[in-house]
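*Asks:* Below you'll find target-v7.txt; it's compact mmCIF, C-alpha atoms and all ligand atoms.
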# COMPACT_ATOMS: atom_id res chain seq x y z
CA MET A 1 0.00 0.00 0.00
CA ALA A 2 1.29 3.47 -0.92
CA ILE A 3 2.36 5.75 1.94
CA SER A 4 1.97 9.53 1.64
CA TYR A 5 5.01 11.54 2.70
CA LYS A 6 2.67 13.97 4.43
CA SER A 7 1.52 11.28 6.83
CA LEU A 8 5.19 10.67 7.73
CA GLY A 9 5.86 14.33 8.50
CA PHE A 10 8.05 15.24 5.50
CA VAL A 11 7.54 18.30 3.31
CA ASN A 12 8.23 18.74 -0.39
CA THR A 13 10.80 21.30 -1.52
CA LYS A 14 8.40 24.00 -2.78
CA ASN A 15 8.48 26.37 0.20
CA MET A 16 12.15 25.62 0.93
CA PHE A 17 13.15 26.76 -2.55
CA ALA A 18 10.84 29.79 -2.61
CA LYS A 19 12.48 31.06 0.60
CA ALA A 20 15.96 30.11 -0.59
CA VAL A 21 15.50 32.17 -3.77
CA SER A 22 14.24 35.25 -1.93
CA GLY A 23 16.60 34.84 1.04
CA GLY A 24 19.89 34.26 -0.81
CA PHE A 25 20.72 30.90 0.75
CA ALA A 26 20.80 27.25 -0.35
CA VAL A 27 19.11 24.30 1.33
CA PRO A 28 21.57 21.56 2.30
CA ALA A 29 21.01 18.19 0.62
CA TYR A 30 23.03 15.66 2.59
CA ASN A 31 23.22 11.98 1.63
CA PHE A 32 22.78 9.29 4.24
CA ASN A 33 23.11 5.50 4.31
CA ASN A 34 22.84 4.67 8.01
CA MET A 35 21.49 5.77 11.37
CA GLU A 36 24.57 7.65 12.57
CA GLN A 37 24.76 9.82 9.45
CA LEU A 38 21.05 10.53 9.65
CA GLN A 39 21.20 11.51 13.33
CA ALA A 40 24.17 13.80 12.72
CA ILE A 41 22.41 15.55 9.81
CA VAL A 42 19.09 16.01 11.56
CA LEU A 43 20.56 17.16 14.88
CA ALA A 44 22.98 19.56 13.18
CA CYS A 45 20.13 21.08 11.18
CA LEU A 46 17.87 21.29 14.22
CA GLU A 47 20.57 23.01 16.26
CA SER A 48 21.26 25.46 13.45
CA GLN A 49 17.54 25.80 12.65
CA SER A 50 18.14 24.94 9.01
CA PRO A 51 15.76 23.24 6.58
CA VAL A 52 17.22 20.01 5.24
CA ILE A 53 16.87 17.59 2.35
CA LEU A 54 17.76 14.01 3.27
CA GLN A 55 19.10 12.32 0.15
CA VAL A 56 18.90 8.64 -0.69
CA SER A 57 20.92 7.44 -3.68
CA LYS A 58 20.42 4.22 -5.62
CA GLY A 59 23.55 2.93 -3.85
CA ALA A 60 22.02 3.78 -0.48
CA ARG A 61 18.79 1.99 -1.42
CA ASP A 62 20.76 -1.10 -2.44
CA TYR A 63 22.88 -0.97 0.73
CA ALA A 64 20.28 -0.32 3.38
CA ASP A 65 17.00 -1.16 1.62
CA GLN A 66 14.67 1.64 0.64
CA THR A 67 11.99 0.61 3.15
CA LEU A 68 14.45 0.72 6.00
CA LEU A 69 15.70 4.15 4.92
CA THR A 70 12.14 5.50 4.75
CA TYR A 71 11.48 4.20 8.27
CA LEU A 72 14.79 5.64 9.48
CA GLY A 73 13.74 8.98 7.98
CA GLN A 74 10.37 8.74 9.67
CA GLY A 75 12.10 7.96 12.96
CA ALA A 76 14.35 10.97 12.43
CA ILE A 77 11.25 13.19 12.18
CA GLU A 78 10.03 11.90 15.54
CA MET A 79 13.49 12.36 17.06
CA MET A 80 13.66 15.91 15.65
CA ARG A 81 10.25 16.77 17.18
CA ARG A 82 11.19 15.38 20.60
CA LYS A 83 14.60 17.10 20.60
CA ALA A 84 13.01 20.38 19.51
CA ARG A 85 10.68 20.23 22.53
CA GLU A 86 13.58 19.36 24.85
CA MET A 87 15.72 22.20 23.48
CA GLY A 88 12.84 24.68 23.43
CA VAL A 89 13.40 25.43 19.73
CA GLY A 90 11.12 25.20 16.71
CA GLU A 91 10.80 22.14 14.48
CA ILE A 92 12.58 22.14 11.12
CA PRO A 93 11.24 21.21 7.67
CA ILE A 94 12.65 17.93 6.34
CA ALA A 95 12.30 16.57 2.80
CA LEU A 96 13.09 12.96 1.86
CA HIS A 97 14.58 13.00 -1.62
CA LEU A 98 15.63 10.40 -4.19
CA ASP A 99 19.09 11.34 -5.47
CA HIS A 100 19.87 10.54 -9.14
CA GLY A 101 16.68 8.60 -9.86
CA ASP A 102 17.50 6.46 -12.88
CA SER A 103 14.04 5.52 -14.16
CA TYR A 104 10.33 6.34 -14.02
CA GLU A 105 9.75 3.12 -12.05
CA THR A 106 12.32 4.03 -9.38
CA CYS A 107 10.72 7.45 -8.93
CA VAL A 108 7.24 5.93 -8.64
CA SER A 109 8.45 3.35 -6.13
CA CYS A 110 10.02 6.09 -3.96
CA ILE A 111 6.93 8.29 -4.14
CA GLU A 112 4.79 5.32 -3.12
CA SER A 113 7.02 4.61 -0.15
CA GLY A 114 6.94 8.12 1.31
CA PHE A 115 9.51 10.27 -0.51
CA SER A 116 8.50 13.93 -0.80
CA SER A 117 10.86 14.81 -3.64
CA VAL A 118 12.59 12.92 -6.44
CA MET A 119 15.34 13.56 -8.93
CA ILE A 120 15.01 12.05 -12.37
CA ASP A 121 18.46 12.10 -13.88
CA GLY A 122 18.09 12.00 -17.64
CA SER A 123 21.35 13.86 -18.17
CA HIS A 124 22.92 10.93 -20.00
CA LEU A 125 20.07 10.74 -22.50
CA SER A 126 19.57 12.84 -25.62
CA TYR A 127 17.91 16.21 -25.00
CA GLU A 128 14.50 15.06 -26.32
CA GLU A 129 14.65 11.75 -24.41
CA ASN A 130 15.58 13.61 -21.24
CA ILE A 131 12.54 15.89 -21.71
CA ALA A 132 10.16 12.99 -22.36
CA LEU A 133 11.31 10.98 -19.31
CA THR A 134 11.40 13.98 -16.99
CA LYS A 135 7.93 15.12 -18.09
CA LYS A 136 6.51 11.64 -17.42
CA VAL A 137 7.95 11.65 -13.88
CA VAL A 138 6.69 15.20 -13.25
CA GLU A 139 3.14 14.22 -14.23
CA TYR A 140 3.08 11.32 -11.77
CA ALA A 141 4.90 13.21 -8.99
CA HIS A 142 2.80 16.37 -9.18
CA ALA A 143 -0.38 14.29 -8.95
CA HIS A 144 0.99 13.32 -5.49
CA ASP A 145 2.26 16.82 -4.59
CA VAL A 146 5.84 15.56 -4.81
CA THR A 147 8.48 17.91 -6.25
CA VAL A 148 10.86 16.93 -9.06
CA GLU A 149 14.47 17.82 -9.86
CA GLY A 150 15.71 17.37 -13.43
CA GLU A 151 19.24 17.67 -14.80
CA LEU A 152 20.79 19.24 -17.88
CA GLY A 153 24.50 18.86 -18.59
CA VAL A 154 26.84 16.12 -17.33
CA LEU A 155 29.15 16.34 -14.32
CA ALA A 156 32.56 14.72 -14.46
CA GLY A 157 33.27 12.02 -11.86
CA VAL A 158 31.44 8.95 -10.63
CA GLU A 159 27.79 8.92 -9.58
CA ASP A 160 26.28 5.58 -8.71
CA GLU A 161 27.76 3.27 -11.36
CA VAL A 162 27.94 5.89 -14.12
CA SER A 163 31.15 7.83 -14.65
CA ALA A 164 32.10 10.64 -17.01
CA GLU A 165 35.65 11.79 -17.56
CA HIS A 166 34.85 15.35 -18.61
CA HIS A 167 32.18 17.90 -17.83
CA THR A 168 29.54 18.74 -20.38
CA TYR A 169 28.52 22.18 -19.17
CA THR A 170 24.82 23.03 -19.17
CA GLN A 171 23.95 25.14 -22.18
CA PRO A 172 22.11 28.27 -21.02
CA GLU A 173 20.17 28.37 -24.33
CA GLU A 174 18.42 25.09 -23.39
CA VAL A 175 17.26 25.72 -19.82
CA GLN A 176 14.14 27.76 -20.48
CA ASP A 177 12.80 25.25 -23.01
CA PHE A 178 13.64 22.28 -20.74
CA VAL A 179 12.00 23.80 -17.67
CA SER A 180 8.82 24.86 -19.45
CA ARG A 181 8.38 21.61 -21.41
CA THR A 182 9.01 19.29 -18.44
CA GLY A 183 7.38 21.26 -15.60
CA VAL A 184 10.24 20.44 -13.19
CA ASP A 185 10.46 22.27 -9.86
CA SER A 186 14.24 22.58 -9.85
CA LEU A 187 17.12 22.05 -12.24
CA ALA A 188 20.54 20.51 -11.57
CA ILE A 189 23.21 22.10 -13.73
CA SER A 190 26.80 21.32 -14.66
CA ILE A 191 29.18 24.25 -14.12
CA GLY A 192 32.40 22.52 -13.07
CA THR A 193 31.54 20.70 -9.85
CA SER A 194 32.02 16.94 -9.92
CA HIS A 195 31.10 13.90 -7.86
CA GLY A 196 33.43 12.15 -5.44
CA ALA A 197 36.45 13.08 -3.34
CA PHE A 198 38.88 13.58 -6.26
CA LYS A 199 37.76 16.73 -8.02
CA PHE A 200 40.94 18.71 -8.67
CA LYS A 201 44.57 17.66 -8.39
CA PRO A 202 46.85 19.68 -6.09
CA GLY A 203 48.21 22.59 -8.12
CA GLN A 204 45.04 22.87 -10.19
CA LYS A 205 42.96 26.00 -9.64
CA PRO A 206 39.52 24.85 -8.53
CA GLU A 207 36.92 27.01 -10.14
CA ILE A 208 33.22 26.71 -10.81
CA ARG A 209 31.79 28.57 -13.78
CA LEU A 210 29.77 31.23 -12.03
CA ASP A 211 29.56 33.00 -15.41
CA ILE A 212 27.46 30.11 -16.81
CA LEU A 213 25.33 30.19 -13.67
CA ARG A 214 24.63 33.91 -14.24
CA GLU A 215 23.67 33.22 -17.88
CA ILE A 216 21.28 30.47 -16.74
CA GLU A 217 19.81 32.74 -14.08
CA LYS A 218 19.10 35.41 -16.68
CA ARG A 219 17.08 32.97 -18.79
CA ILE A 220 15.00 31.52 -15.90
CA PRO A 221 14.96 34.25 -13.22
CA GLY A 222 13.87 33.07 -9.78
CA PHE A 223 13.94 29.39 -10.78
CA ALA A 224 15.53 26.94 -8.30
CA ILE A 225 18.97 25.75 -9.41
CA VAL A 226 20.75 22.72 -7.88
CA LEU A 227 24.47 22.08 -7.56
CA HIS A 228 25.62 18.47 -7.30
CA GLY A 229 29.18 17.43 -6.54
CA SER A 230 29.69 20.22 -4.01
CA SER A 231 31.96 18.66 -1.43
CA SER A 232 34.97 20.73 -0.44
CA VAL A 233 37.21 17.80 0.56
CA PRO A 234 38.36 18.98 4.01
CA GLN A 235 42.14 18.68 4.02
CA ASP A 236 42.32 17.88 7.74
CA ALA A 237 40.11 14.83 7.16
CA VAL A 238 42.26 13.64 4.22
CA GLU A 239 45.41 14.12 6.33
CA ALA A 240 43.88 12.26 9.28
CA ILE A 241 42.85 9.34 7.07
CA ASN A 242 46.39 9.07 5.72
CA LYS A 243 47.99 9.57 9.15
CA TYR A 244 45.95 6.77 10.71
CA GLY A 245 46.64 4.07 8.13
CA GLY A 246 44.62 5.15 5.09
CA LYS A 247 45.94 5.85 1.62
CA LEU A 248 44.07 8.60 -0.17
CA ALA A 249 45.49 10.51 -3.13
CA ASP A 250 45.82 14.26 -2.60
CA SER A 251 42.84 16.14 -3.92
CA ILE A 252 41.11 19.50 -3.70
CA GLY A 253 37.36 20.06 -3.60
CA ILE A 254 35.07 22.98 -4.40
CA PRO A 255 36.20 26.00 -2.35
CA GLU A 256 33.60 26.95 0.24
CA THR A 257 33.89 30.62 -0.77
CA GLN A 258 32.68 29.75 -4.28
CA LEU A 259 29.80 27.70 -2.90
CA ARG A 260 28.83 30.62 -0.63
CA GLU A 261 28.77 32.86 -3.70
CA ALA A 262 26.57 30.39 -5.59
CA ALA A 263 24.22 29.98 -2.61
CA LYS A 264 23.56 33.72 -2.60
CA SER A 265 22.26 33.45 -6.17
CA ALA A 266 19.61 31.18 -7.73
CA VAL A 267 21.34 28.07 -6.36
CA CYS A 268 18.77 26.73 -3.89
CA LYS A 269 20.05 23.23 -3.18
CA ILE A 270 23.64 22.12 -2.66
CA ASN A 271 24.45 18.39 -2.61
CA ILE A 272 27.13 17.14 -0.24
CA ASP A 273 28.01 13.49 0.31
CA SER A 274 31.78 12.94 0.02
CA ASP A 275 32.70 15.40 2.80
CA GLY A 276 30.58 13.37 5.22
CA ARG A 277 32.29 10.16 4.12
CA LEU A 278 35.75 11.69 4.63
CA VAL A 279 35.01 13.16 8.07
CA MET A 280 33.37 9.95 9.26
CA THR A 281 36.22 7.74 8.03
CA ALA A 282 38.88 10.05 9.48
CA LYS A 283 37.33 9.88 12.95
CA ILE A 284 36.81 6.10 12.85
CA ARG A 285 40.43 5.56 11.74
CA GLU A 286 41.70 7.89 14.48
CA VAL A 287 39.75 6.11 17.23
CA LEU A 288 40.76 2.64 16.05
CA ALA A 289 44.41 3.63 15.60
CA ASN A 290 44.56 5.06 19.13
CA LYS A 291 42.59 2.18 20.68
CA PRO A 292 43.46 -0.94 18.68
CA GLY A 293 41.63 -3.13 21.19
CA GLU A 294 38.29 -1.38 20.70
CA PHE A 295 35.56 -3.49 19.12
CA ASP A 296 32.33 -1.84 20.28
CA PRO A 297 30.91 -0.04 17.20
CA ARG A 298 29.37 2.61 19.43
CA LYS A 299 32.86 3.63 20.57
CA TYR A 300 33.94 4.60 17.07
CA LEU A 301 30.61 5.38 15.40
CA GLY A 302 29.63 7.70 18.27
CA PRO A 303 32.68 10.01 17.88
CA ALA A 304 32.23 9.82 14.09
CA ARG A 305 28.63 10.98 14.48
CA ASP A 306 29.77 13.88 16.70
CA ALA A 307 32.38 14.94 14.14
CA LEU A 308 29.80 14.80 11.35
CA LYS A 309 27.42 16.99 13.33
CA VAL A 310 30.11 19.65 13.77
CA MET A 311 30.81 19.59 10.03
CA TYR A 312 27.14 19.86 8.96
CA LYS A 313 26.51 22.75 11.35
CA ALA A 314 29.51 24.62 9.97
CA LYS A 315 28.24 24.06 6.39
CA ASN A 316 24.81 25.42 7.26
CA GLU A 317 26.23 28.45 9.03
CA ASN A 318 29.21 29.39 6.88
CA VAL A 319 28.66 27.93 3.41
CA LEU A 320 25.00 27.45 2.55
CA GLY A 321 23.69 30.27 4.72
CA SER A 322 20.66 28.12 5.60
CA ALA A 323 21.05 28.42 9.40
CA GLY A 324 18.16 30.24 11.01
CA HIS A 325 15.82 29.90 7.99
CA ALA A 326 13.72 26.95 9.23
CA PRO A 327 11.01 28.99 11.01
CA GLU A 328 9.91 30.95 7.92
CA ILE A 329 9.61 27.73 5.88
CA VAL A 330 7.66 25.97 8.65
CA ALA A 331 5.30 28.98 8.74
CA ALA A 332 4.85 28.95 4.96
CA SER A 333 4.12 25.22 4.99
CA LYS A 334 1.19 25.53 7.43
O1 LIG B 401 25.91 11.45 -6.53
C1 LIG B 401 26.31 10.49 -5.90
C2 LIG B 401 26.17 10.43 -4.42
O2 LIG B 401 27.33 10.87 -3.79
C3 LIG B 401 25.75 9.07 -3.99
O3 LIG B 401 26.77 8.16 -4.07
O4 LIG B 401 25.74 6.19 -5.21
O5 LIG B 401 27.81 5.94 -3.83
O6 LIG B 401 25.60 6.38 -2.74
P1 LIG B 401 26.48 6.57 -3.96
P1 LIG B 402 29.94 15.09 -3.62
O1 LIG B 402 30.53 13.80 -4.09
O2 LIG B 402 30.74 16.25 -4.08
O3 LIG B 402 29.67 15.12 -2.16
O4 LIG B 402 28.50 15.24 -4.36
C1 LIG B 402 27.37 14.57 -3.88
C2 LIG B 402 26.21 14.66 -4.80
O5 LIG B 402 26.16 15.41 -5.75
C3 LIG B 402 25.06 13.79 -4.51
O6 LIG B 402 24.08 13.86 -5.49
ZN ZN B 403 24.83 14.15 -7.48
What is this file in C-alpha cells?
*Replies:*
Amino acid sequence: MAISYKSLGFVNTKNMFAKAVSGGFAVPAYNFNNMEQLQAIVLACLESQSPVILQVSKGARDYADQTLLTYLGQGAIEMMRRKAREMGVGEIPIALHLDHGDSYETCVSCIESGFSSVMIDGSHLSYEENIALTKKVVEYAHAHDVTVEGELGVLAGVEDEVSAEHHTYTQPEEVQDFVSRTGVDSLAISIGTSHGAFKFKPGQKPEIRLDILREIEKRIPGFAIVLHGSSSVPQDAVEAINKYGGKLADSIGIPETQLREAAKSAVCKINIDSDGRLVMTAKIREVLANKPGEFDPRKYLGPARDALKVMYKAKNENVLGSAGHAPEIVAASK
C-alpha cells in the first residue's frame, strides 16, 4: 500500500526553494546510508535551525534497503520533534529525496514509499529523451504533490555506477525550453563541480563557472537551481585518514567561498556526500588507531557521528547560509 510523505511528516521542496531564492541561501542536501549519518544531519540542522533535504541514492537503497531508509527517515522526524521540545526550539522542515533517480519506475516506487521529492536524472540521454522521461515523472509526482528535480548537462566524476571523464557544461540556451516543457520544480546544472572526493589535483585551480550560472539565471529568473558534486574535501580529514593508516590521493574540492557565492544566487540546493564520508572515516580511523583493542561499534561510530554533526553545522552556518531559515519555511508550509 502506498504511503503519503505527508503522513510521515516530511515536506516537499516547494516552500524551501521559494524562501531560498528570496533569502539568498541554499538548502543543504546531505546523503545518508545509516542511522549515525542521519542523526548527525538532523541534529545539526535542528541546532542550526536549518531546513534540510535528506538524500537517498540508488547505492544507499541497495545498501540499506529503501523501506528501511524510509522508516529511518520517519524515525528521524520523531526524534527531531522530541529534541526540539527538549531544546525549546522550533521544528525544522525535512524533505526525503531520491538522489539521481535512474528511471520512471524508481521514482514511482520512492513516491509510493513516502519520498517527498525525487530527482530524475536523464542527463545521460539525448535532449528530447531527457525531456520525455522527466515530463513523465513530473506528471506522476505532481499528482501526489511531490516535487521533481531534473538535470541538464553532465558532471565529471562517478555517480552511482555511471562515470564521465569530462564535464559537459549546461547550455544556457536550453534551460528555459527544458523547464517549461518538463514542468520540473528545480534544475541541476553542470558548471564545473564533480562527484566524489577527487575533483581537482593539487596545483590545479579549482573554479566553478559562475559565469554560466549567471547566464542560466538570466534565462529563468527566480527558478531553483541545484548544484551536485559540491563537497569541499576537508584537508584535515584527508590528512587524518592518511595519518591513521589510510591511503588517499591528494585532492582538492570545491572552495567553500565559491559555494557561498553560488548559494547567494539562484542556487537553492547544494548536494554534499563525500565530505561526510571523509570526516566519518577520518574519525573512525583515528579512534581505532589510538585504541586498537576497541571493538564496540558505538565507541567509534559515536565520535564519528559527533564529528559529522560539527561539520554539517559549519556548512549550514558558513557555506549554505541556511542556518536560522527553518522557522519561515515551517510557517509557509502551514
Ligand atoms: O551522486 C552520488 C552520491 O554521492 C551518492 O553516491 O551512489 O555511492 O551512494 P552513492
Ligand atoms: P559530492 O561527491 O561532491 O559530495 O557530491 C554529492 C552529490 O552530488 C550527490 O548527489
Ligand atoms: Zn549528485
*Asks:* Go ahead and find all residues with at least one atom no further than 7 Å from (1.9, 0.5, -1.3) in the file's coordinates, using all atoms listed in the file; report them as a PDB file with C-alpha atoms, in the frame of the given file.
*Replies:*
ATOM      1  CA  MET A   1       0.000   0.000   0.000  1.00  0.00           C
ATOM      2  CA  ALA A   2       1.290   3.470  -0.920  1.00  0.00           C
ATOM      3  CA  ILE A   3       2.360   5.750   1.940  1.00  0.00           C
ATOM      4  CA  GLU A 112       4.790   5.320  -3.120  1.00  0.00           C
ATOM      5  CA  SER A 113       7.020   4.610  -0.150  1.00  0.00           C
TER       6      SER A 113
END
*Asks:* Report, in Å to a single decimal, how far apart CA of Ser194 in chain A and CA of Gly150 in chain A are.
*Replies:*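 Taking CA of Gly150 in chain A and CA of Ser194 in chain A, their separation equals 16.7 Å.
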*Asks:* Edge lengths and centre in Å to one decimal, as JSON, of the axis-aligned box that encloses all listed atoms of ligand LIG 402 (chain B) with 5 Å added on every side?
*Replies:*
{"center_x": 27.4, "center_y": 15.0, "center_z": -4.0, "size_x": 16.7, "size_y": 12.5, "size_z": 13.6}
*Asks:* Pick out the residues sitting within 10 Å of Lys264 in chain A, and hand them over as a list of chain:residue names; count all atoms listed in the file, and ignore anything fewer than 6 positions along from it in its own chain.
*Replies:*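 The filter keeps A:Ala20, A:Val21, A:Ser22, A:Gly23, A:Gly24, A:Phe25, A:Ala26, A:Val319, A:Leu320, A:Gly321.
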*Asks:* Counting all atoms listed in the file, what residues are within 7 Å of ligand LIG 402 (chain B), given as a PyMOL selection string?
*Replies:* chain A and resi 31+99-100+194-197+228-231+271-275
*Asks:* How would you write, as a PyMOL selection string, the set of residues no farther than 12 Å from ligand ZN 403 (chain B) when counting only C-alpha atoms and all ligand atoms?
*Replies:* chain A and resi 29-31+55-59+97-102+119-121+123+149-151+154-163+188-190+193-196+226-231+269-274
*Asks:* Pick out the closest residue to ligand LIG 401 (chain B) from this set: A:Ile254, A:Cys107, A:Ala60, A:Ile225. Count all atoms listed in the file.
*Replies:*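 Using all atoms listed in the file, ligand LIG 401 (chain B) sits closest to A:Ala60.
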